[in-house]
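The structure file entry.cif is reproduced below (mmCIF, C-alpha atoms and all ligand atoms).
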data_query
loop_
_atom_site.label_atom_id
_atom_site.label_comp_id
_atom_site.auth_asym_id
_atom_site.auth_seq_id
_atom_site.Cartn_x
_atom_site.Cartn_y
_atom_site.Cartn_z
CA MET A 1 5.07 13.76 -9.54
CA LYS A 2 5.70 11.37 -12.44
CA VAL A 3 3.30 8.43 -12.51
CA LEU A 4 3.13 5.00 -14.14
CA VAL A 5 -0.49 3.84 -14.38
CA VAL A 6 -0.83 0.07 -14.58
CA ALA A 7 -3.85 -0.79 -16.73
CA GLU A 8 -5.95 -3.66 -15.44
CA THR A 9 -6.17 -6.38 -18.08
CA ASN A 10 -7.22 -10.01 -18.22
CA GLY A 11 -4.33 -10.65 -20.58
CA GLU A 12 -6.61 -10.36 -23.60
CA ARG A 13 -8.14 -6.93 -23.20
CA VAL A 14 -7.93 -3.77 -21.14
CA LEU A 15 -10.63 -3.55 -18.47
CA GLU A 16 -12.69 -0.51 -17.47
CA LYS A 17 -11.42 -0.83 -13.89
CA THR A 18 -8.31 1.03 -15.12
CA LEU A 19 -10.21 4.34 -15.32
CA PRO A 20 -10.05 5.54 -11.66
CA ALA A 21 -6.24 5.08 -11.70
CA ILE A 22 -6.10 7.33 -14.79
CA ALA A 23 -8.38 9.87 -13.06
CA PHE A 24 -5.91 9.84 -10.14
CA ALA A 25 -2.99 10.43 -12.55
CA GLN A 26 -4.82 13.33 -14.23
CA GLN A 27 -5.13 15.03 -10.85
CA LYS A 28 -1.79 14.18 -9.24
CA ALA A 29 0.80 13.55 -11.99
CA SER A 30 2.19 17.10 -12.22
CA ASP A 31 5.14 15.78 -14.27
CA GLY A 32 3.02 13.64 -16.57
CA PHE A 33 2.01 10.01 -16.69
CA THR A 34 2.50 6.86 -18.75
CA ILE A 35 -0.01 4.01 -19.01
CA LEU A 36 1.34 0.45 -19.14
CA ALA A 37 -0.94 -2.31 -20.51
CA ILE A 38 0.29 -5.91 -20.40
CA GLY A 39 -1.00 -9.05 -22.14
CA ASN A 40 -0.76 -11.08 -25.33
CA ASP A 41 -2.51 -9.88 -28.50
CA LEU A 42 -3.99 -7.31 -26.13
CA GLN A 43 -7.12 -5.47 -27.27
CA GLY A 44 -8.22 -2.04 -26.08
CA ALA A 45 -4.94 -0.21 -25.39
CA GLU A 46 -6.02 2.46 -27.92
CA ALA A 47 -9.06 3.23 -25.75
CA LEU A 48 -6.63 4.53 -23.09
CA ALA A 49 -5.10 7.07 -25.50
CA GLY A 50 -7.72 9.77 -24.97
CA TYR A 51 -6.92 10.77 -21.38
CA GLY A 52 -3.75 12.83 -21.61
CA ALA A 53 -1.03 10.23 -20.98
CA GLN A 54 2.39 11.05 -22.43
CA VAL A 55 2.40 7.57 -23.95
CA VAL A 56 0.49 4.30 -23.68
CA LEU A 57 2.93 1.37 -23.63
CA ALA A 58 1.52 -1.99 -24.76
CA VAL A 59 3.64 -4.99 -23.79
CA ASN A 60 2.61 -8.16 -25.63
CA HIS A 61 4.27 -11.53 -25.03
CA PRO A 62 2.99 -15.14 -25.01
CA ALA A 63 4.18 -15.57 -21.41
CA LEU A 64 1.89 -12.65 -20.42
CA ALA A 65 -1.31 -14.14 -21.85
CA LYS A 66 -2.82 -14.41 -18.33
CA PRO A 67 -2.50 -11.88 -15.48
CA LEU A 68 -0.19 -13.80 -13.14
CA ALA A 69 1.50 -11.61 -10.50
CA GLU A 70 4.75 -13.53 -10.80
CA ARG A 71 4.95 -12.68 -14.52
CA TYR A 72 3.42 -9.18 -14.61
CA ALA A 73 5.27 -7.72 -11.60
CA PRO A 74 8.78 -7.83 -13.17
CA VAL A 75 7.44 -6.07 -16.30
CA ILE A 76 5.92 -3.28 -14.19
CA ALA A 77 9.02 -2.97 -11.98
CA HIS A 78 11.19 -2.84 -15.11
CA TYR A 79 9.25 0.09 -16.63
CA ALA A 80 8.92 1.89 -13.27
CA GLN A 81 12.73 1.89 -13.03
CA GLN A 82 13.36 2.65 -16.70
CA LEU A 83 10.98 5.65 -16.66
CA GLY A 84 12.15 6.81 -13.23
CA VAL A 85 8.60 7.34 -11.96
CA ASP A 86 7.66 8.62 -8.50
CA ALA A 87 4.55 6.46 -8.23
CA VAL A 88 3.18 3.23 -9.69
CA VAL A 89 -0.62 3.31 -9.56
CA ALA A 90 -3.56 0.97 -10.23
CA THR A 91 -7.20 0.86 -9.20
CA THR A 92 -7.91 -1.25 -6.09
CA SER A 93 -9.01 -4.74 -7.22
CA THR A 94 -8.11 -8.39 -6.83
CA PHE A 95 -5.68 -7.89 -9.74
CA SER A 96 -3.86 -4.91 -8.22
CA ARG A 97 -3.78 -6.34 -4.68
CA ASP A 98 -2.00 -9.34 -6.10
CA VAL A 99 0.30 -7.72 -8.67
CA LEU A 100 1.19 -4.37 -7.09
CA ALA A 101 2.13 -5.79 -3.70
CA ARG A 102 4.70 -7.87 -5.54
CA VAL A 103 5.90 -4.80 -7.49
CA ALA A 104 6.37 -2.94 -4.17
CA GLY A 105 8.45 -5.85 -2.90
CA MET A 106 10.59 -5.94 -6.04
CA LEU A 107 11.19 -2.17 -5.95
CA ASP A 108 11.66 -2.18 -2.15
CA ALA A 109 9.09 0.63 -2.24
CA PRO A 110 6.47 1.72 0.33
CA MET A 111 2.86 0.94 -0.57
CA LEU A 112 -0.35 2.90 0.00
CA SER A 113 -3.49 0.82 -0.56
CA ASP A 114 -7.04 1.81 -1.45
CA ILE A 115 -6.47 5.54 -0.97
CA ILE A 116 -9.13 8.22 -1.31
CA THR A 117 -6.86 11.31 -1.09
CA LEU A 118 -3.16 12.09 -1.59
CA GLU A 119 -1.26 15.26 -0.70
CA ARG A 120 2.41 16.20 -0.35
CA THR A 121 3.18 17.70 3.07
CA ASN A 122 6.72 18.62 4.20
CA GLY A 123 8.22 16.37 1.56
CA LYS A 124 6.14 13.37 2.61
CA LEU A 125 3.20 11.82 0.79
CA VAL A 126 0.13 11.80 3.02
CA ALA A 127 -2.84 9.64 2.04
CA LYS A 128 -6.22 8.86 3.55
CA ARG A 129 -8.07 5.58 3.29
CA PRO A 130 -11.09 3.95 4.92
CA ILE A 131 -10.23 1.54 7.73
CA TYR A 132 -12.23 -0.68 10.16
CA SER A 133 -14.95 -1.51 7.63
CA ALA A 134 -14.94 2.10 6.42
CA ASN A 135 -16.07 3.35 9.84
CA LEU A 136 -12.88 5.40 10.26
CA ILE A 137 -10.65 7.25 7.85
CA GLY A 138 -6.96 6.56 8.50
CA THR A 139 -4.18 8.98 7.56
CA PHE A 140 -0.88 7.46 6.41
CA GLU A 141 2.41 9.02 5.38
CA VAL A 142 5.27 7.53 3.44
CA GLU A 143 8.75 8.64 2.51
CA GLY A 144 10.87 7.64 -0.45
CA THR A 145 10.34 7.06 -4.15
CA PRO A 146 8.89 5.36 -5.93
CA VAL A 147 5.72 4.68 -3.98
CA VAL A 148 3.28 1.98 -5.06
CA ILE A 149 -0.38 3.00 -4.79
CA THR A 150 -3.82 1.47 -5.28
CA VAL A 151 -6.70 3.93 -5.48
CA ARG A 152 -10.28 3.29 -4.33
CA GLY A 153 -12.40 3.41 -7.50
CA PRO A 154 -15.48 5.35 -6.33
CA ALA A 155 -13.30 8.07 -4.74
CA TRP A 156 -11.51 8.93 -8.01
CA GLY A 157 -14.26 8.21 -10.54
CA LYS A 158 -13.74 8.47 -14.27
CA PRO A 159 -10.99 10.47 -16.05
CA GLU A 160 -11.79 13.45 -18.23
CA PRO A 161 -11.48 12.81 -21.97
CA LYS A 162 -8.77 15.00 -23.60
CA ASP A 163 -8.60 16.39 -27.12
CA ASN A 164 -5.08 15.17 -27.87
CA THR A 165 -4.52 11.48 -28.47
CA SER A 166 -1.55 9.85 -26.72
CA PRO A 167 0.76 7.69 -28.84
CA VAL A 168 0.27 3.95 -28.30
CA GLN A 169 3.67 2.22 -28.53
CA ALA A 170 4.59 -1.45 -28.56
CA ALA A 171 7.10 -2.07 -25.77
CA GLU A 172 9.40 -5.04 -25.12
CA ALA A 173 8.89 -7.45 -22.25
CA PRO A 174 12.02 -7.97 -20.15
CA ALA A 175 13.89 -11.14 -21.14
CA ASP A 176 13.67 -12.89 -17.78
CA ILE A 177 9.91 -13.32 -17.14
CA PRO A 178 9.59 -16.06 -14.49
CA THR A 179 7.36 -18.97 -15.49
CA ARG A 180 7.23 -21.03 -12.29
CA SER A 181 3.50 -20.46 -11.77
CA GLU A 182 0.90 -21.54 -14.33
CA TRP A 183 -2.62 -20.25 -15.00
CA LEU A 184 -4.86 -23.32 -14.79
CA SER A 185 -8.43 -22.08 -15.14
CA LEU A 186 -10.90 -19.30 -14.38
CA ARG A 187 -14.25 -20.35 -12.98
CA SER A 188 -17.11 -17.91 -13.00
CA SER A 189 -20.58 -18.49 -11.61
CA GLY A 190 -21.93 -15.20 -12.87
CA GLY A 191 -24.26 -17.07 -15.25
CA GLY A 192 -23.68 -14.50 -17.99
CA ARG A 193 -24.45 -11.60 -15.64
CA PRO A 194 -22.22 -8.52 -15.55
CA ASP A 195 -19.14 -8.44 -13.32
CA LEU A 196 -20.26 -7.65 -9.75
CA THR A 197 -17.72 -4.84 -9.32
CA GLN A 198 -18.59 -3.22 -12.67
CA ALA A 199 -22.37 -3.67 -12.84
CA ARG A 200 -24.64 -0.59 -12.91
CA VAL A 201 -27.22 -2.52 -10.86
CA VAL A 202 -26.49 -5.01 -8.06
CA VAL A 203 -29.20 -7.05 -6.33
CA SER A 204 -27.90 -8.70 -3.15
CA GLY A 205 -29.55 -11.25 -0.92
CA GLY A 206 -29.05 -12.29 2.69
CA ARG A 207 -29.62 -15.19 5.05
CA PRO A 208 -33.44 -15.49 4.61
CA LEU A 209 -32.98 -16.71 1.03
CA LYS A 210 -32.68 -20.26 2.50
CA ASP A 211 -30.96 -22.24 -0.32
CA PRO A 212 -29.19 -21.77 -3.70
CA GLU A 213 -32.34 -22.44 -5.75
CA THR A 214 -34.37 -19.84 -3.83
CA PHE A 215 -31.47 -17.35 -4.04
CA GLU A 216 -31.25 -17.85 -7.80
CA ARG A 217 -35.01 -17.53 -8.29
CA TYR A 218 -35.48 -14.35 -6.23
CA ILE A 219 -32.10 -12.55 -6.32
CA GLY A 220 -30.94 -13.85 -9.71
CA GLY A 221 -34.44 -13.29 -11.12
CA LEU A 222 -34.58 -9.65 -10.00
CA ALA A 223 -30.98 -9.04 -11.13
CA ASP A 224 -31.76 -10.44 -14.59
CA VAL A 225 -34.85 -8.34 -15.16
CA LEU A 226 -32.76 -5.25 -14.30
CA GLY A 227 -29.72 -6.38 -16.34
CA GLY A 228 -27.68 -6.40 -13.13
CA ALA A 229 -25.33 -8.60 -11.11
CA ALA A 230 -26.22 -10.72 -8.08
CA GLY A 231 -24.44 -10.23 -4.73
CA ALA A 232 -24.75 -11.77 -1.27
CA THR A 233 -23.95 -11.28 2.40
CA ARG A 234 -21.35 -13.36 4.16
CA ALA A 235 -24.13 -15.03 6.16
CA ALA A 236 -25.68 -16.20 2.88
CA VAL A 237 -22.29 -17.38 1.60
CA ASP A 238 -21.41 -19.19 4.86
CA ALA A 239 -24.80 -20.93 4.80
CA GLY A 240 -24.11 -22.24 1.27
CA ILE A 241 -26.94 -20.13 -0.18
CA ALA A 242 -24.69 -18.15 -2.53
CA PRO A 243 -21.20 -18.78 -3.96
CA ASN A 244 -18.20 -17.20 -2.27
CA GLU A 245 -17.38 -14.86 -5.18
CA LEU A 246 -20.70 -13.06 -4.77
CA GLN A 247 -19.87 -11.85 -1.24
CA VAL A 248 -20.07 -8.08 -0.82
CA GLY A 249 -18.45 -6.42 2.18
CA GLN A 250 -15.38 -6.05 4.32
CA THR A 251 -14.08 -9.51 3.48
CA GLY A 252 -15.78 -9.65 0.08
CA LYS A 253 -16.03 -7.31 -2.89
CA THR A 254 -16.45 -3.54 -2.81
CA VAL A 255 -19.16 -2.33 -5.17
CA ALA A 256 -20.46 1.15 -6.02
CA PRO A 257 -23.23 0.66 -8.60
CA GLU A 258 -25.81 3.24 -9.57
CA LEU A 259 -28.49 1.07 -7.92
CA TYR A 260 -27.96 -1.40 -5.05
CA ILE A 261 -30.97 -3.45 -3.92
CA ALA A 262 -30.48 -5.18 -0.55
CA VAL A 263 -33.00 -7.99 -0.10
CA GLY A 264 -33.34 -9.60 3.33
CA ILE A 265 -30.11 -8.01 4.53
CA SER A 266 -29.80 -6.63 8.07
CA GLY A 267 -27.10 -4.05 7.24
CA SER A 268 -24.11 -5.09 9.37
CA VAL A 269 -21.11 -2.72 9.36
CA GLN A 270 -19.14 -5.41 7.55
CA HIS A 271 -21.70 -5.57 4.73
CA LEU A 272 -22.05 -1.77 4.52
CA ALA A 273 -18.26 -1.49 4.11
CA GLY A 274 -18.64 -3.06 0.67
CA MET A 275 -21.65 -1.18 -0.70
CA LYS A 276 -22.28 2.11 1.04
CA ASP A 277 -20.72 4.11 -1.81
CA SER A 278 -23.57 2.96 -4.09
CA LYS A 279 -25.44 5.91 -5.62
CA VAL A 280 -28.98 4.75 -4.76
CA ILE A 281 -29.64 2.09 -2.12
CA VAL A 282 -32.97 0.28 -1.91
CA ALA A 283 -33.69 -2.06 1.01
CA ILE A 284 -36.41 -4.68 1.29
CA ASN A 285 -36.67 -6.01 4.84
CA ILE A 286 -39.48 -7.37 6.99
CA ASP A 287 -38.11 -5.62 10.09
CA PRO A 288 -38.68 -1.81 10.12
CA GLU A 289 -35.85 -1.48 12.68
CA ALA A 290 -33.25 -3.20 10.48
CA PRO A 291 -30.05 -1.05 10.32
CA ILE A 292 -29.99 -1.24 6.50
CA PHE A 293 -32.80 1.34 6.48
CA GLN A 294 -30.38 3.90 7.98
CA VAL A 295 -28.32 3.93 4.77
CA ALA A 296 -31.15 3.21 2.32
CA ASP A 297 -32.49 5.95 0.03
CA TYR A 298 -35.68 3.93 -0.45
CA GLY A 299 -36.96 1.32 1.99
CA LEU A 300 -39.72 -1.24 1.64
CA VAL A 301 -40.88 -2.96 4.84
CA ALA A 302 -42.14 -6.20 3.37
CA ASP A 303 -41.72 -9.94 3.17
CA LEU A 304 -39.27 -10.51 0.33
CA TYR A 305 -41.18 -13.62 -0.75
CA GLN A 306 -44.13 -11.43 -1.58
CA ALA A 307 -42.37 -8.22 -2.68
CA VAL A 308 -39.70 -9.63 -5.01
CA PRO A 309 -42.02 -11.68 -7.31
CA GLU A 310 -44.33 -8.65 -7.55
CA LEU A 311 -41.37 -6.42 -8.44
CA ILE A 312 -40.13 -8.88 -11.08
CA GLU A 313 -43.61 -9.10 -12.59
CA LEU A 314 -44.04 -5.30 -12.63
CA LEU A 315 -40.63 -4.75 -14.21
CA LYS A 316 -41.27 -7.41 -16.86
CA ASN A 317 -44.62 -5.85 -17.74
CA ASN A 318 -43.08 -2.38 -17.90
CA LYS A 319 -40.39 -3.64 -20.23
CA GLY A 320 -43.02 -5.03 -22.54
CA ALA A 321 -44.92 -1.72 -22.53
C1 LIG B 401 -14.48 -10.17 10.55
C2 LIG B 401 -15.84 -10.22 9.91
C3 LIG B 401 -15.95 -9.95 8.55
C4 LIG B 401 -17.19 -9.97 7.93
N1 LIG B 401 -17.29 -9.69 6.60
C5 LIG B 401 -18.50 -9.63 6.02
C6 LIG B 401 -18.64 -9.26 4.63
O1 LIG B 401 -17.68 -9.05 3.92
N2 LIG B 401 -19.89 -9.18 4.12
C7 LIG B 401 -21.02 -9.43 4.87
O2 LIG B 401 -22.13 -9.31 4.32
N3 LIG B 401 -20.92 -9.78 6.17
C8 LIG B 401 -19.68 -9.91 6.74
N4 LIG B 401 -19.60 -10.30 8.03
C9 LIG B 401 -20.82 -10.82 8.70
C10 LIG B 401 -21.71 -9.73 9.26
O3 LIG B 401 -21.29 -9.39 10.56
C11 LIG B 401 -23.19 -10.19 9.33
O4 LIG B 401 -23.27 -11.38 10.09
C12 LIG B 401 -23.82 -10.48 7.96
O5 LIG B 401 -23.60 -9.40 7.10
C13 LIG B 401 -25.32 -10.68 8.15
O6 LIG B 401 -25.87 -11.14 6.96
P1 LIG B 401 -27.44 -11.02 6.65
O7 LIG B 401 -27.84 -9.59 6.67
O8 LIG B 401 -27.69 -11.85 5.43
O9 LIG B 401 -28.10 -11.86 7.85
P2 LIG B 401 -28.90 -11.39 9.12
O10 LIG B 401 -28.07 -10.48 9.95
O11 LIG B 401 -29.42 -12.64 9.73
O12 LIG B 401 -30.10 -10.52 8.55
C14 LIG B 401 -31.16 -11.04 7.82
C15 LIG B 401 -32.15 -9.91 7.61
O13 LIG B 401 -33.21 -10.40 6.80
C16 LIG B 401 -34.44 -9.89 7.30
N5 LIG B 401 -35.46 -10.86 6.90
C17 LIG B 401 -35.72 -12.09 7.41
N6 LIG B 401 -36.73 -12.68 6.76
C18 LIG B 401 -37.13 -11.82 5.80
C19 LIG B 401 -38.12 -11.86 4.78
N7 LIG B 401 -38.90 -12.95 4.60
N8 LIG B 401 -38.26 -10.80 3.97
C20 LIG B 401 -37.49 -9.69 4.13
N9 LIG B 401 -36.52 -9.59 5.08
C21 LIG B 401 -36.34 -10.65 5.90
C22 LIG B 401 -34.26 -9.79 8.79
O14 LIG B 401 -35.14 -8.82 9.34
C23 LIG B 401 -32.79 -9.38 8.88
O15 LIG B 401 -32.66 -7.98 8.92
C24 LIG B 401 -18.36 -10.29 8.68
C25 LIG B 401 -18.24 -10.54 10.07
C26 LIG B 401 -17.01 -10.50 10.66
C27 LIG B 401 -16.91 -10.78 12.13
#
When written as structure tokens, how does the structure in this file appear?
Amino acid sequence: MKVLVVAETNGERVLEKTLPAIAFAQQKASDGFTILAIGNDLQGAEALAGYGAQVVLAVNHPALAKPLAERYAPVIAHYAQQLGVDAVVATTSTFSRDVLARVAGMLDAPMLSDIITLERTNGKLVAKRPIYSANLIGTFEVEGTPVVITVRGPAWGKPEPKDNTSPVQAAEAPADIPTRSEWLSLRSSGGGRPDLTQARVVVSGGRPLKDPETFERYIGGLADVLGGAAGATRAAVDAGIAPNELQVGQTGKTVAPELYIAVGISGSVQHLAGMKDSKVIVAINIDPEAPIFQVADYGLVADLYQAVPELIELLKNNKGA
């Protein structure tokens, strides 16, 4: 299988989210793989050269300064056709959901989303992926080439560094990049905290946080002392306690940090779908029967209004020590 890995970029630099797609290519691209990075004055393409790709192609063009699906998809489709690849692959993310679905449409290719395994059986590609809030694993098969694939990050992990360095080549953008859609602005309420999907530590809060100020004081406060990101349940988002982009779960973001602290969160299947791949899960809940304790590695049955300030204080003092 010959693979084209689409690097995730924000138009200015290559993002770490690219790595699971490269790990996939290392395992599955028996006929080699190329990495394609798109942007304008793009930084970081060289960092992708140490993973065994045949070549890293860097396409720079002023019209590609922001990652708009309408503009990036024709570039990806162009190189998929020119290289004659069997699969176009990126890591599952908001970026790839947007851009790769359009690539699949342009190539009239089948698409496999968020896969955790891929095998070839009787000439067909057979993939597995979590479905129904990750309560079931679905098996899907597709025929035809190329196939467009997004891979679930935690399932593929990080690629192995290789001794040989791949050449990084400047590549031309196709002449006819559509410019009907414009990038207007990017609004982030992260308050300088790490990206929720990339953070090593995520502290999430639920409905009992009452209002945005309380959420910020308790959840933001604990996240900051741990150098982590803040997340929230949908109940907290729907109640106006936390902004929409902090939602973790089936209809929010999928996270897999090294440490996930669930504060005042019951542990609904929809919330678990977005965080149960976390390495260590800590739950703080007043109710010892709360379902979150079934997935937690460490549980504290306590009132969050007492436990969280004590934790923040302890962590601050430890840092000073
Ligand atoms: C189609 C669909 C999609 C959904 N998608 C998502 C999703 O993406 N993400 C998501 O999170 N939810 C999602 N939901 C909603 C989900 O079903 C739950 O309603 C939601 O996760 C519950 O949020 P919660 O745990 O904050 O609130 P609750 O269920 O109300 O739980 C609050 C918890 O806080 C504890 N608590 C209360 N007071 C304190 C205190 N002082 N100290 C400590 N603990 C306390 C309680 O014991 C309880 O366990 C979805 C639902 C549907 C139908």
Residues proximal to (-20.7, -17.0, 1.9) were defined as those with any atom within 12 Å of that point in the file's coordinates, counting only C-alpha atoms. Which are they, as an mmCIF file with C-alpha atoms, keeping the file's coordinate frame?
data_model
loop_
_atom_site.group_PDB
_atom_site.id
_atom_site.type_symbol
_atom_site.label_atom_id
_atom_site.label_comp_id
_atom_site.auth_asym_id
_atom_site.auth_seq_id
_atom_site.Cartn_x
_atom_site.Cartn_y
_atom_site.Cartn_z
ATOM 1 C CA GLY A 205 -29.550 -11.250 -0.920
ATOM 2 C CA GLY A 206 -29.050 -12.290 2.690
ATOM 3 C CA ARG A 207 -29.620 -15.190 5.050
ATOM 4 C CA ASP A 211 -30.960 -22.240 -0.320
ATOM 5 C CA PRO A 212 -29.190 -21.770 -3.700
ATOM 6 C CA GLY A 231 -24.440 -10.230 -4.730
ATOM 7 C CA ALA A 232 -24.750 -11.770 -1.270
ATOM 8 C CA THR A 233 -23.950 -11.280 2.400
ATOM 9 C CA ARG A 234 -21.350 -13.360 4.160
ATOM 10 C CA ALA A 235 -24.130 -15.030 6.160
ATOM 11 C CA ALA A 236 -25.680 -16.200 2.880
ATOM 12 C CA VAL A 237 -22.290 -17.380 1.600
ATOM 13 C CA ASP A 238 -21.410 -19.190 4.860
ATOM 14 C CA ALA A 239 -24.800 -20.930 4.800
ATOM 15 C CA GLY A 240 -24.110 -22.240 1.270
ATOM 16 C CA ILE A 241 -26.940 -20.130 -0.180
ATOM 17 C CA ALA A 242 -24.690 -18.150 -2.530
ATOM 18 C CA PRO A 243 -21.200 -18.780 -3.960
ATOM 19 C CA ASN A 244 -18.200 -17.200 -2.270
ATOM 20 C CA GLU A 245 -17.380 -14.860 -5.180
ATOM 21 C CA LEU A 246 -20.700 -13.060 -4.770
ATOM 22 C CA GLN A 247 -19.870 -11.850 -1.240
ATOM 23 C CA VAL A 248 -20.070 -8.080 -0.820
ATOM 24 C CA GLY A 249 -18.450 -6.420 2.180
ATOM 25 C CA THR A 251 -14.080 -9.510 3.480
ATOM 26 C CA GLY A 252 -15.780 -9.650 0.080
ATOM 27 C CA LYS A 253 -16.030 -7.310 -2.890
ATOM 28 C CA HIS A 271 -21.700 -5.570 4.730
#
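Between ligand LIG 401 (chain B) and the candidates A:Arg200, A:Ala80, A:Pro167, A:Ala134, the tightest atom-to-atom separation, counting all atoms listed in the file, involves A:Ala134.
The interatomic distance for the pair atom CA of Ile131 of chain A and atom CA of Glu16 of chain A works out to 25.4 Å.
If you look at atom C1 of ligand LIG 401 (chain B) and atom CA of Val308 of chain A, they are 29.6 Å away from each other.
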Can you pull out every residue within 10 Å of Pro288 of chain A, counting all atoms listed in the file, but drop anything in the same chain fewer than 5 positions away, and send it as a ChimeraX atom specification? /A:293,299-302
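Proximity ranking of A:Ala69, A:Val282, A:Leu19, A:Leu112 relative to Asp98 of chain A places A:Ala69 first, based on only C-alpha atoms.
Counting only C-alpha atoms and all ligand atoms and comparing A:Thr165, A:Gln294, A:Asn318, A:Ser133, the residue that lies closest to ligand LIG 401 (chain B) is A:Ser133.
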I'd like to know which of A:Ile292, A:Ala25, A:Leu136, A:Leu304 is closest to ligand LIG 401 (chain B), using all atoms listed in the file. A:Leu304
Between A:Arg102, A:Arg13, A:Arg152, A:Arg97, single out the one closest to Ile115 of chain A, counting all atoms listed in the file. A:Arg152
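Nearest to ligand LIG 401 (chain B) of all the residues A:Ile149, A:Ile219, A:Leu314, A:Leu209 is A:Leu209, counting all atoms listed in the file.
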Exercise on ligand LIG 401 (chain B), axis-aligned box with 8 Å per side, report centre and edge lengths in Å to one decimal, as AutoDock Vina command-line options:
--center_x -26.7 --center_y -10.5 --center_z 8.0 --size_x 40.4 --size_y 21.0 --size_z 24.2
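For the pair atom CA of Glu12 of chain A and atom CA of Thr34 of chain A, the interatomic distance is 20.1 Å.
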Can you tell me which residues surround Asn122 of chain A at a distance of at most 12 Å, considering all atoms listed in the file, apart from same-chain residues fewer than 3 positions away, and format the answer as a VMD selection string? chain A and resid 119 125 to 126 141 to 143
Need the shell around segment 2-6 of chain A: protein/DNA/RNA residues with any atom at most 7 Å away, counting only C-alpha atoms. Skip same-chain ones fewer than 5 positions apart. Format as a ChimeraX atom specification? /A:21-22,25,29-37,80,85-90
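Using only C-alpha atoms, the contacts of segment 202-204 of chain A at a cut-off of 8 Å, with sequence neighbours closer than 3 positions omitted, comprise Leu196, Ala199, Ile219, Gly220, Leu222, Ala223, Gly228, Ala229, Ala230, Gly231, Ala232, Thr233, Pro257, Leu259, Tyr260, Ile261, Ala262 and Val263 of chain A.
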Which residues, written as an MDAnalysis selection string, have at least one atom at most 8 Å from Val295 of chain A, with only C-alpha atoms counted and residues fewer than 4 positions away on the same chain left out? chainID A and resid 276 281 291
Output requested as an mmCIF file, in the coordinates of the input - segment 16-27 of chain A, filled out with N, CA and C atoms.
data_model
loop_
_atom_site.group_PDB
_atom_site.id
_atom_site.type_symbol
_atom_site.label_atom_id
_atom_site.label_comp_id
_atom_site.auth_asym_id
_atom_site.auth_seq_id
_atom_site.Cartn_x
_atom_site.Cartn_y
_atom_site.Cartn_z
ATOM 1 N N GLU A 16 -12.230 -1.847 -17.855
ATOM 2 C CA GLU A 16 -12.690 -0.510 -17.470
ATOM 3 C C GLU A 16 -12.218 -0.110 -16.066
ATOM 4 N N LYS A 17 -11.882 -1.115 -15.245
ATOM 5 C CA LYS A 17 -11.420 -0.830 -13.890
ATOM 6 C C LYS A 17 -10.180 0.060 -13.880
ATOM 7 N N THR A 18 -9.507 0.177 -15.018
ATOM 8 C CA THR A 18 -8.310 1.030 -15.120
ATOM 9 C C THR A 18 -8.661 2.507 -14.891
ATOM 10 N N LEU A 19 -9.901 2.905 -15.213
ATOM 11 C CA LEU A 19 -10.210 4.340 -15.320
ATOM 12 C C LEU A 19 -9.956 5.162 -14.047
ATOM 13 N N PRO A 20 -10.337 4.704 -12.831
ATOM 14 C CA PRO A 20 -10.050 5.540 -11.660
ATOM 15 C C PRO A 20 -8.552 5.811 -11.459
ATOM 16 N N ALA A 21 -7.694 4.855 -11.839
ATOM 17 C CA ALA A 21 -6.240 5.080 -11.700
ATOM 18 C C ALA A 21 -5.803 6.189 -12.657
ATOM 19 N N ILE A 22 -6.429 6.244 -13.842
ATOM 20 C CA ILE A 22 -6.100 7.330 -14.790
ATOM 21 C C ILE A 22 -6.632 8.656 -14.254
ATOM 22 N N ALA A 23 -7.836 8.630 -13.651
ATOM 23 C CA ALA A 23 -8.380 9.870 -13.060
ATOM 24 C C ALA A 23 -7.436 10.379 -11.962
ATOM 25 N N PHE A 24 -6.890 9.467 -11.165
ATOM 26 C CA PHE A 24 -5.910 9.840 -10.140
ATOM 27 C C PHE A 24 -4.708 10.525 -10.812
ATOM 28 N N ALA A 25 -4.190 9.893 -11.884
ATOM 29 C CA ALA A 25 -2.990 10.430 -12.550
ATOM 30 C C ALA A 25 -3.281 11.821 -13.130
ATOM 31 N N GLN A 26 -4.478 12.002 -13.690
ATOM 32 C CA GLN A 26 -4.820 13.330 -14.230
ATOM 33 C C GLN A 26 -4.719 14.408 -13.157
ATOM 34 N N GLN A 27 -5.116 14.044 -11.931
ATOM 35 C CA GLN A 27 -5.130 15.030 -10.850
ATOM 36 C C GLN A 27 -3.772 15.216 -10.182
#
